[in-house]
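Q: Dropping in run_7.cif, which is mmCIF, C-alpha atoms; chains and numbers go by the auth columns:
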```cif
data_upload
loop_
_atom_site.group_PDB
_atom_site.id
_atom_site.type_symbol
_atom_site.label_atom_id
_atom_site.label_comp_id
_atom_site.label_asym_id
_atom_site.label_seq_id
_atom_site.Cartn_x
_atom_site.Cartn_y
_atom_site.Cartn_z
_atom_site.B_iso_or_equiv
_atom_site.auth_seq_id
_atom_site.auth_asym_id
ATOM 1 C CA MET A 1 239.416 26.023 172.383 0.00 1 A
ATOM 2 C CA VAL A 2 237.925 27.808 169.379 0.00 2 A
ATOM 3 C CA ASP A 3 238.059 31.602 169.241 0.00 3 A
ATOM 4 C CA SER A 4 234.507 32.847 169.995 0.00 4 A
ATOM 5 C CA THR A 5 234.605 35.570 167.312 0.00 5 A
ATOM 6 C CA HIS A 6 235.625 32.994 164.730 0.00 6 A
ATOM 7 C CA LEU A 7 232.872 30.672 165.951 0.00 7 A
ATOM 8 C CA SER A 8 230.177 33.343 165.694 0.00 8 A
ATOM 9 C CA GLN A 9 231.164 34.129 162.100 0.00 9 A
ATOM 10 C CA MET A 10 230.762 30.482 161.051 0.00 10 A
ATOM 11 C CA ALA A 11 227.641 29.631 163.078 0.00 11 A
ATOM 12 C CA LYS A 12 224.088 30.012 161.807 0.00 12 A
ATOM 13 C CA PHE A 13 222.695 31.126 165.167 0.00 13 A
ATOM 14 C CA ARG A 14 223.918 33.451 167.874 0.00 14 A
ATOM 15 C CA VAL A 15 221.854 33.880 171.039 0.00 15 A
ATOM 16 C CA THR A 16 222.349 35.763 174.291 0.00 16 A
ATOM 17 C CA PHE A 17 220.753 34.210 177.353 0.00 17 A
ATOM 18 C CA LYS A 18 219.975 36.869 179.991 0.00 18 A
ATOM 19 C CA GLY A 19 220.292 35.831 183.616 0.00 19 A
ATOM 20 C CA PRO A 20 220.069 37.472 187.038 0.00 20 A
ATOM 21 C CA HIS A 21 223.849 37.324 187.581 0.00 21 A
ATOM 22 C CA PHE A 22 225.309 37.070 184.083 0.00 22 A
ATOM 23 C CA ASP A 23 224.481 37.076 180.385 0.00 23 A
ATOM 24 C CA VAL A 24 225.865 34.328 178.160 0.00 24 A
ATOM 25 C CA THR A 25 226.224 34.583 174.386 0.00 25 A
ATOM 26 C CA VAL A 26 226.559 31.315 172.494 0.00 26 A
ATOM 27 C CA ALA A 27 226.760 30.464 168.822 0.00 27 A
ATOM 28 C CA GLY A 28 225.942 27.290 166.961 0.00 28 A
ATOM 29 C CA ASP A 29 224.343 25.663 163.964 0.00 29 A
ATOM 30 C CA SER A 30 221.250 24.265 165.722 0.00 30 A
ATOM 31 C CA ALA A 31 218.988 24.970 168.675 0.00 31 A
ATOM 32 C CA GLU A 32 220.246 21.824 170.405 0.00 32 A
ATOM 33 C CA GLU A 33 223.839 22.983 170.012 0.00 33 A
ATOM 34 C CA LEU A 34 222.978 26.411 171.443 0.00 34 A
ATOM 35 C CA VAL A 35 221.253 24.954 174.487 0.00 35 A
ATOM 36 C CA GLU A 36 224.045 22.439 175.125 0.00 36 A
ATOM 37 C CA GLU A 37 226.704 25.165 174.914 0.00 37 A
ATOM 38 C CA TYR A 38 224.660 27.451 177.182 0.00 38 A
ATOM 39 C CA GLU A 39 224.158 24.720 179.796 0.00 39 A
ATOM 40 C CA ASN A 40 227.904 23.966 179.823 0.00 40 A
ATOM 41 C CA LEU A 41 228.846 27.624 180.226 0.00 41 A
ATOM 42 C CA ARG A 42 226.145 28.275 182.820 0.00 42 A
ATOM 43 C CA SER A 43 227.274 25.299 184.903 0.00 43 A
ATOM 44 C CA GLU A 44 230.853 26.516 184.778 0.00 44 A
ATOM 45 C CA LEU A 45 229.903 30.096 185.727 0.00 45 A
ATOM 46 C CA GLU A 46 227.630 29.019 188.585 0.00 46 A
ATOM 47 C CA LYS A 47 230.595 27.434 190.334 0.00 47 A
ATOM 48 C CA TYR A 48 231.835 30.957 191.039 0.00 48 A
ATOM 49 C CA LEU A 49 228.555 32.544 192.144 0.00 49 A
ATOM 50 C CA PRO A 50 227.667 32.934 195.831 0.00 50 A
ATOM 51 C CA SER A 51 224.376 31.058 195.361 0.00 51 A
ATOM 52 C CA ALA A 52 226.248 28.081 193.908 0.00 52 A
ATOM 53 C CA LYS A 53 228.577 27.959 196.929 0.00 53 A
ATOM 54 C CA THR A 54 225.584 27.577 199.247 0.00 54 A
ATOM 55 C CA GLY A 55 224.320 24.678 197.159 0.00 55 A
ATOM 56 C CA ARG A 56 221.369 26.592 195.701 0.00 56 A
ATOM 57 C CA SER A 57 221.492 26.898 191.954 0.00 57 A
ATOM 58 C CA GLU A 58 219.599 29.572 190.063 0.00 58 A
ATOM 59 C CA ARG A 59 217.320 26.923 188.588 0.00 59 A
ATOM 60 C CA LYS A 60 216.374 25.721 192.098 0.00 60 A
ATOM 61 C CA GLN A 61 215.586 29.317 193.062 0.00 61 A
ATOM 62 C CA GLY A 62 213.308 29.574 190.039 0.00 62 A
ATOM 63 C CA ARG A 63 215.255 32.332 188.310 0.00 63 A
ATOM 64 C CA ILE A 64 216.393 30.429 185.226 0.00 64 A
ATOM 65 C CA PRO A 65 213.496 28.777 183.431 0.00 65 A
ATOM 66 C CA GLU A 66 213.676 25.206 182.234 0.00 66 A
ATOM 67 C CA LEU A 67 213.791 24.929 178.452 0.00 67 A
ATOM 68 C CA GLY A 68 210.350 23.287 178.451 0.00 68 A
ATOM 69 C CA ASN A 69 208.858 26.257 180.328 0.00 69 A
ATOM 70 C CA VAL A 70 210.346 28.691 177.864 0.00 70 A
ATOM 71 C CA GLN A 71 208.850 26.836 174.929 0.00 71 A
ATOM 72 C CA ARG A 72 205.442 26.617 176.582 0.00 72 A
ATOM 73 C CA SER A 73 205.389 30.280 177.582 0.00 73 A
ATOM 74 C CA GLY A 74 205.529 31.308 173.954 0.00 74 A
ATOM 75 C CA THR A 75 202.659 29.077 172.904 0.00 75 A
ATOM 76 C CA GLN A 76 200.117 29.266 175.681 0.00 76 A
ATOM 77 C CA ALA A 77 198.666 32.132 177.651 0.00 77 A
ATOM 78 C CA GLU A 78 199.071 31.414 181.328 0.00 78 A
ATOM 79 C CA HIS A 79 196.687 33.089 183.754 0.00 79 A
ATOM 80 C CA VAL A 80 198.430 34.694 186.711 0.00 80 A
ATOM 81 C CA SER A 81 196.488 35.737 189.796 0.00 81 A
ATOM 82 C CA LEU A 82 197.433 37.681 192.911 0.00 82 A
ATOM 83 C CA ALA A 83 197.491 34.409 194.846 0.00 83 A
ATOM 84 C CA ASP A 84 200.374 33.254 192.619 0.00 84 A
ATOM 85 C CA LEU A 85 202.533 36.193 193.760 0.00 85 A
ATOM 86 C CA SER A 86 202.465 35.428 197.503 0.00 86 A
ATOM 87 C CA ILE A 87 201.837 39.050 198.439 0.00 87 A
ATOM 88 C CA PRO A 88 201.517 39.267 202.236 0.00 88 A
ATOM 89 C CA SER A 89 197.933 39.957 203.279 0.00 89 A
ATOM 90 C CA GLN A 90 198.919 43.227 205.001 0.00 90 A
ATOM 91 C CA VAL A 91 200.465 44.556 201.776 0.00 91 A
ATOM 92 C CA ARG A 92 197.564 43.293 199.647 0.00 92 A
ATOM 93 C CA ASP A 93 195.042 44.924 202.012 0.00 93 A
ATOM 94 C CA LYS A 94 196.913 48.244 201.820 0.00 94 A
ATOM 95 C CA LEU A 95 197.028 48.012 198.027 0.00 95 A
ATOM 96 C CA VAL A 96 193.286 47.538 197.885 0.00 96 A
ATOM 97 C CA GLU A 97 192.579 50.238 200.493 0.00 97 A
ATOM 98 C CA GLN A 98 194.824 52.829 198.862 0.00 98 A
ATOM 99 C CA ARG A 99 194.278 51.851 195.215 0.00 99 A
ATOM 100 C CA LYS A 100 192.646 55.186 194.338 0.00 100 A
ATOM 101 C CA ILE A 101 195.618 57.230 195.535 0.00 101 A
ATOM 102 C CA LEU A 102 198.388 54.884 194.370 0.00 102 A
ATOM 103 C CA THR A 103 200.095 55.722 191.117 0.00 103 A
ATOM 104 C CA ASN A 104 200.470 53.195 188.324 0.00 104 A
ATOM 105 C CA TRP A 105 204.184 53.092 189.136 0.00 105 A
ATOM 106 C CA GLN A 106 203.547 52.244 192.788 0.00 106 A
ATOM 107 C CA THR A 107 201.181 49.449 191.796 0.00 107 A
ATOM 108 C CA LEU A 108 203.719 48.175 189.268 0.00 108 A
ATOM 109 C CA PHE A 109 206.527 48.238 191.857 0.00 109 A
ATOM 110 C CA ILE A 110 204.522 46.056 194.239 0.00 110 A
ATOM 111 C CA LEU A 111 203.438 43.582 191.562 0.00 111 A
ATOM 112 C CA LEU A 112 206.953 43.179 190.144 0.00 112 A
ATOM 113 C CA HIS A 113 208.485 42.967 193.611 0.00 113 A
ATOM 114 C CA TYR A 114 206.481 39.833 194.332 0.00 114 A
ATOM 115 C CA ALA A 115 206.879 38.363 190.831 0.00 115 A
ATOM 116 C CA SER A 116 210.339 36.780 190.936 0.00 116 A
ATOM 117 C CA ASP A 117 209.860 35.352 187.425 0.00 117 A
ATOM 118 C CA GLY A 118 208.800 38.744 186.052 0.00 118 A
ATOM 119 C CA LEU A 119 205.508 39.696 184.448 0.00 119 A
ATOM 120 C CA THR A 120 204.379 40.367 180.902 0.00 120 A
ATOM 121 C CA ASN A 121 202.451 43.483 179.930 0.00 121 A
ATOM 122 C CA ARG A 122 199.222 41.456 179.858 0.00 122 A
ATOM 123 C CA GLU A 123 199.913 39.904 183.274 0.00 123 A
ATOM 124 C CA ILE A 124 200.611 43.319 184.816 0.00 124 A
ATOM 125 C CA ARG A 125 197.329 44.682 183.489 0.00 125 A
ATOM 126 C CA THR A 126 195.362 41.593 184.586 0.00 126 A
ATOM 127 C CA LEU A 127 196.795 41.680 188.115 0.00 127 A
ATOM 128 C CA SER A 128 196.216 45.423 188.459 0.00 128 A
ATOM 129 C CA GLU A 129 192.559 44.908 187.490 0.00 129 A
ATOM 130 C CA GLU A 130 192.301 42.174 190.116 0.00 130 A
ATOM 131 C CA LEU A 131 193.533 44.719 192.680 0.00 131 A
ATOM 132 C CA GLY A 132 190.963 47.256 191.524 0.00 132 A
ATOM 133 C CA LYS A 133 193.700 49.583 190.221 0.00 133 A
ATOM 134 C CA ARG A 134 193.562 49.177 186.465 0.00 134 A
ATOM 135 C CA ILE A 135 196.821 49.955 184.630 0.00 135 A
ATOM 136 C CA SER A 136 195.811 50.710 181.074 0.00 136 A
ATOM 137 C CA TYR A 137 197.502 49.494 177.937 0.00 137 A
ATOM 138 C CA SER A 138 198.041 53.114 176.860 0.00 138 A
ATOM 139 C CA TRP A 139 199.973 53.879 180.078 0.00 139 A
ATOM 140 C CA MET A 140 202.114 50.784 179.572 0.00 140 A
ATOM 141 C CA ASP A 141 202.742 51.912 175.999 0.00 141 A
ATOM 142 C CA THR A 142 203.576 55.563 176.803 0.00 142 A
ATOM 143 C CA ASP A 143 204.450 56.845 180.287 0.00 143 A
ATOM 144 C CA PHE A 144 206.000 53.531 181.277 0.00 144 A
ATOM 145 C CA HIS A 145 208.652 54.023 178.577 0.00 145 A
ATOM 146 C CA ARG A 146 209.436 57.719 179.183 0.00 146 A
ATOM 147 C CA ARG A 147 213.101 58.583 179.646 0.00 147 A
ATOM 148 C CA ARG A 148 212.539 60.018 183.134 0.00 148 A
ATOM 149 C CA ASN A 149 211.551 56.524 184.306 0.00 149 A
ATOM 150 C CA GLU A 150 214.509 54.833 182.681 0.00 150 A
ATOM 151 C CA GLY A 151 216.309 52.357 184.916 0.00 151 A
ATOM 152 C CA LEU A 152 213.377 51.458 187.191 0.00 152 A
ATOM 153 C CA VAL A 153 212.324 48.367 185.241 0.00 153 A
ATOM 154 C CA VAL A 154 214.220 46.083 182.878 0.00 154 A
ATOM 155 C CA SER A 155 212.688 43.983 180.147 0.00 155 A
ATOM 156 C CA ARG A 156 213.740 40.650 178.733 0.00 156 A
ATOM 157 C CA ARG A 157 212.264 39.016 175.673 0.00 157 A
ATOM 158 C CA LEU A 158 211.419 35.367 176.240 0.00 158 A
ATOM 159 C CA PRO A 159 213.344 33.069 173.880 0.00 159 A
ATOM 160 C CA GLY A 160 211.041 31.648 171.237 0.00 160 A
ATOM 161 C CA SER A 161 208.244 34.060 172.123 0.00 161 A
ATOM 162 C CA LYS A 162 206.976 37.493 171.196 0.00 162 A
ATOM 163 C CA ASP A 163 206.326 38.260 174.866 0.00 163 A
ATOM 164 C CA THR A 164 208.559 40.430 177.006 0.00 164 A
ATOM 165 C CA LYS A 165 208.822 40.004 180.765 0.00 165 A
ATOM 166 C CA TYR A 166 209.477 42.943 183.049 0.00 166 A
ATOM 167 C CA PHE A 167 211.590 42.876 186.206 0.00 167 A
ATOM 168 C CA LEU A 168 212.531 45.534 188.746 0.00 168 A
ATOM 169 C CA ALA A 169 215.980 47.048 188.343 0.00 169 A
ATOM 170 C CA GLU A 170 217.814 48.055 191.537 0.00 170 A
ATOM 171 C CA PRO A 171 216.267 51.573 191.704 0.00 171 A
ATOM 172 C CA GLY A 172 212.815 50.022 191.208 0.00 172 A
ATOM 173 C CA LYS A 173 213.510 47.465 193.946 0.00 173 A
ATOM 174 C CA LYS A 174 214.369 50.298 196.349 0.00 174 A
ATOM 175 C CA GLU A 175 211.116 52.078 195.469 0.00 175 A
ATOM 176 C CA ALA A 176 209.138 48.873 196.055 0.00 176 A
ATOM 177 C CA LEU A 177 210.789 48.240 199.432 0.00 177 A
ATOM 178 C CA LYS A 178 210.174 51.843 200.504 0.00 178 A
ATOM 179 C CA LEU A 179 206.500 51.514 199.559 0.00 179 A
ATOM 180 C CA ILE A 180 206.157 48.195 201.405 0.00 180 A
ATOM 181 C CA GLN A 181 207.761 49.740 204.499 0.00 181 A
ATOM 182 C CA ASP A 182 205.325 52.670 204.277 0.00 182 A
ATOM 183 C CA PHE A 183 202.443 50.187 204.175 0.00 183 A
ATOM 184 C CA GLY A 184 203.777 48.589 207.358 0.00 184 A
ATOM 185 C CA SER A 185 204.183 51.898 209.194 0.00 185 A
ATOM 186 C CA ASN A 186 200.602 53.026 208.412 0.00 186 A
ATOM 187 C CA LYS A 187 198.892 50.244 210.379 0.00 187 A
ATOM 188 C CA ASP A 188 196.491 52.572 212.157 0.00 188 A
ATOM 189 C CA GLU A 189 195.108 54.270 209.077 0.00 189 A
#
```
Could you render the structure from this file as C-alpha cells?

A:
Amino acid sequence: MVDSTHLSQMAKFRVTFKGPHFDVTVAGDSAEELVEEYENLRSELEKYLPSAKTGRSERKQGRIPELGNVQRSGTQAEHVSLADLSIPSQVRDKLVEQRKILTNWQTLFILLHYASDGLTNREIRTLSEELGKRISYSWMDTDFHRRRNEGLVVSRRLPGSKDTKYFLAEPGKKEALKLIQDFGSNKDE
C-alpha cells in the first residue's frame, strides 16, 4: 500500500468527496483514477456502516449521487417544485396558511427537511415563492450566513459545478422537527 501523503504529493488531483456518514479524500492523475479510487474506498467503508448491514446502500437511499447526475447538475438547471419534495399535505397547508408569520428560517427548515438531496440557493428561493413566502436573494446572502445561525445548515459544493447544495445540520433538523410537530398540534387553528 502506498503512503497517502506520498501519493498526494505526486498526484495532479486531490479531491474530497463529502458524504452523509464519511468524507473520503483521494488523489490521482486523472478524473477516472479519482472516481475509481473513491468507489473502491466507499465500497470498503460501507461494509462497516449500519445502512450497509441492512442491505441498503447510500446510493439506493439516494444520498450519494451517481457520477452522471453530478455531471449533469453542473450543466443544466433543473426545476424543482414542491411536489418533488413529498411534503405531507397537512404540513404544506400549514406552510401556506401561516406563510405571513413564518420566518425565512422556518420556511428554510421545512424545505430542507423534505429535500434529502439538498437544495441550491436558487431552488430554495423558487420553492419559497411557490409557497407564497418569498426568501430573497439578499437574505440568503446576508442573514443566512450570520455567525449566530452557524451550525443550522451545512453546504456542499457539487463536484464539477459552481452550485452549492444546502442540507440541515443536526440542530437544524431538530428545529424542523419541532416546527412540523407544532403544525400537527395546531389542527384546530

Q: Which one of A:Thr16, A:Ser86, A:Ser128, A:Asn121 sits closest to A:Thr103 if you count all atoms listed in the file?

A: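 Checking each candidate against A:Thr103, we get A:Ser128 as the closest.
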
Q: May I have the residues within 10 Å of A:His79 as a count of residues only, using all atoms listed in the file and disregarding those fewer than 3 positions away in the same chain?

A: 6

Q: Find the residues around stretch 156-170 of chain A up to 6 Å (all atoms listed in the file counted), leave out those fewer than 4 positions away in its own chain, and share them as a PyMOL selection string.

A: chain A and resi 74+118-120+152

Q: The selected residues should be written to file as a compact mmCIF listing (two decimals), keeping the file's coordinate frame (atoms: C-alpha atoms).

A:
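Result file follows (part_33.txt):
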```txt
# COMPACT_ATOMS: atom_id res chain seq x y z
CA GLY A 74 205.53 31.31 173.95
CA GLY A 118 208.80 38.74 186.05
CA LEU A 119 205.51 39.70 184.45
CA THR A 120 204.38 40.37 180.90
CA LEU A 152 213.38 51.46 187.19
```

Q: As a check of understanding, name the residues that the PyMOL selection byres ((chain A and resi 116) around 9) selects in the supplied structure, as a list in words.

A: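 Selected by the PyMOL selection byres ((chain A and resi 116) around 9) here: Gly62, Arg63, Leu85, Leu112, His113, Tyr114, Ala115, Asp117, Gly118, Leu119 and Phe167 of chain A.
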
Q: Could you write out that same residue set with C-alpha atoms as a tab-separated table (two decimals), keeping the file's coordinate frame?

A:
```
chain	number	residue	atom	x	y	z
A	62	GLY	CA	213.31	29.57	190.04
A	63	ARG	CA	215.26	32.33	188.31
A	85	LEU	CA	202.53	36.19	193.76
A	112	LEU	CA	206.95	43.18	190.14
A	113	HIS	CA	208.48	42.97	193.61
A	114	TYR	CA	206.48	39.83	194.33
A	115	ALA	CA	206.88	38.36	190.83
A	117	ASP	CA	209.86	35.35	187.42
A	118	GLY	CA	208.80	38.74	186.05
A	119	LEU	CA	205.51	39.70	184.45
A	167	PHE	CA	211.59	42.88	186.21
```

Q: Report as a VMD selection string all protein, DNA and RNA residues lying within 12 Å of A:Trp139, evaluated on all atoms listed in the file, omitting residues in the same chain fewer than 5 positions from it.

A: chain A and resid 103 to 105 108 121 124 to 125 134 144 to 146

Q: Atom CA of A:Gly184 and atom CA of A:Thr107 are how many Å apart?

A: 15.8 Å

Q: Run the PyMOL selection byres ((chain A and resi 174-179) around 8) on the file and write out the hits as an mmCIF file with C-alpha atoms, in the frame of the given file.

A:
```cif
data_model
loop_
_atom_site.group_PDB
_atom_site.id
_atom_site.type_symbol
_atom_site.label_atom_id
_atom_site.label_comp_id
_atom_site.auth_asym_id
_atom_site.auth_seq_id
_atom_site.Cartn_x
_atom_site.Cartn_y
_atom_site.Cartn_z
ATOM 1 C CA GLN A 106 203.547 52.244 192.788
ATOM 2 C CA PHE A 109 206.527 48.238 191.857
ATOM 3 C CA ILE A 110 204.522 46.056 194.239
ATOM 4 C CA HIS A 113 208.485 42.967 193.611
ATOM 5 C CA GLU A 170 217.814 48.055 191.537
ATOM 6 C CA PRO A 171 216.267 51.573 191.704
ATOM 7 C CA GLY A 172 212.815 50.022 191.208
ATOM 8 C CA LYS A 173 213.510 47.465 193.946
ATOM 9 C CA ILE A 180 206.157 48.195 201.405
ATOM 10 C CA GLN A 181 207.761 49.740 204.499
ATOM 11 C CA ASP A 182 205.325 52.670 204.277
ATOM 12 C CA PHE A 183 202.443 50.187 204.175
#
```

Q: Taking all atoms listed in the file into account, which of A:Val15, A:Val96, A:Leu41, A:Ile101 comes nearest A:Glu129?

A: A:Val96

Q: What is the atom CA of A:Val80-atom CA of A:Leu131 distance in Å, reported with one decimal?

A: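 Calculated distance between atom CA of A:Val80 and atom CA of A:Leu131 is 12.7 Å.
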
Q: Assuming 5 Å of padding per side, give the centre and edge lengths of the axis-aligned box around every listed atom of stretch 144-160 of chain A, in Å to one decimal and as JSON.

A:
```
{"center_x": 211.2, "center_y": 45.8, "center_z": 179.2, "size_x": 20.3, "size_y": 38.4, "size_z": 26.0}
```

Q: Quote the spacing between atom CA of A:Val154 and atom CA of A:Thr142 in Å to one decimal place.

A: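 A separation of 15.5 Å between them.
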
Q: Run through the PyMOL selection byres ((chain A and resi 93) around 12) on the given coordinates and return the selected residues as a list in words.

A: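 Checked against the file, the PyMOL selection byres ((chain A and resi 93) around 12) matches Leu82, Ile87, Pro88, Ser89, Gln90, Val91, Arg92, Lys94, Leu95, Val96, Glu97, Gln98, Arg99, Leu131, Gly132, Ile180, Phe183, Gly184, Asn186, Lys187 and Glu189 of chain A.
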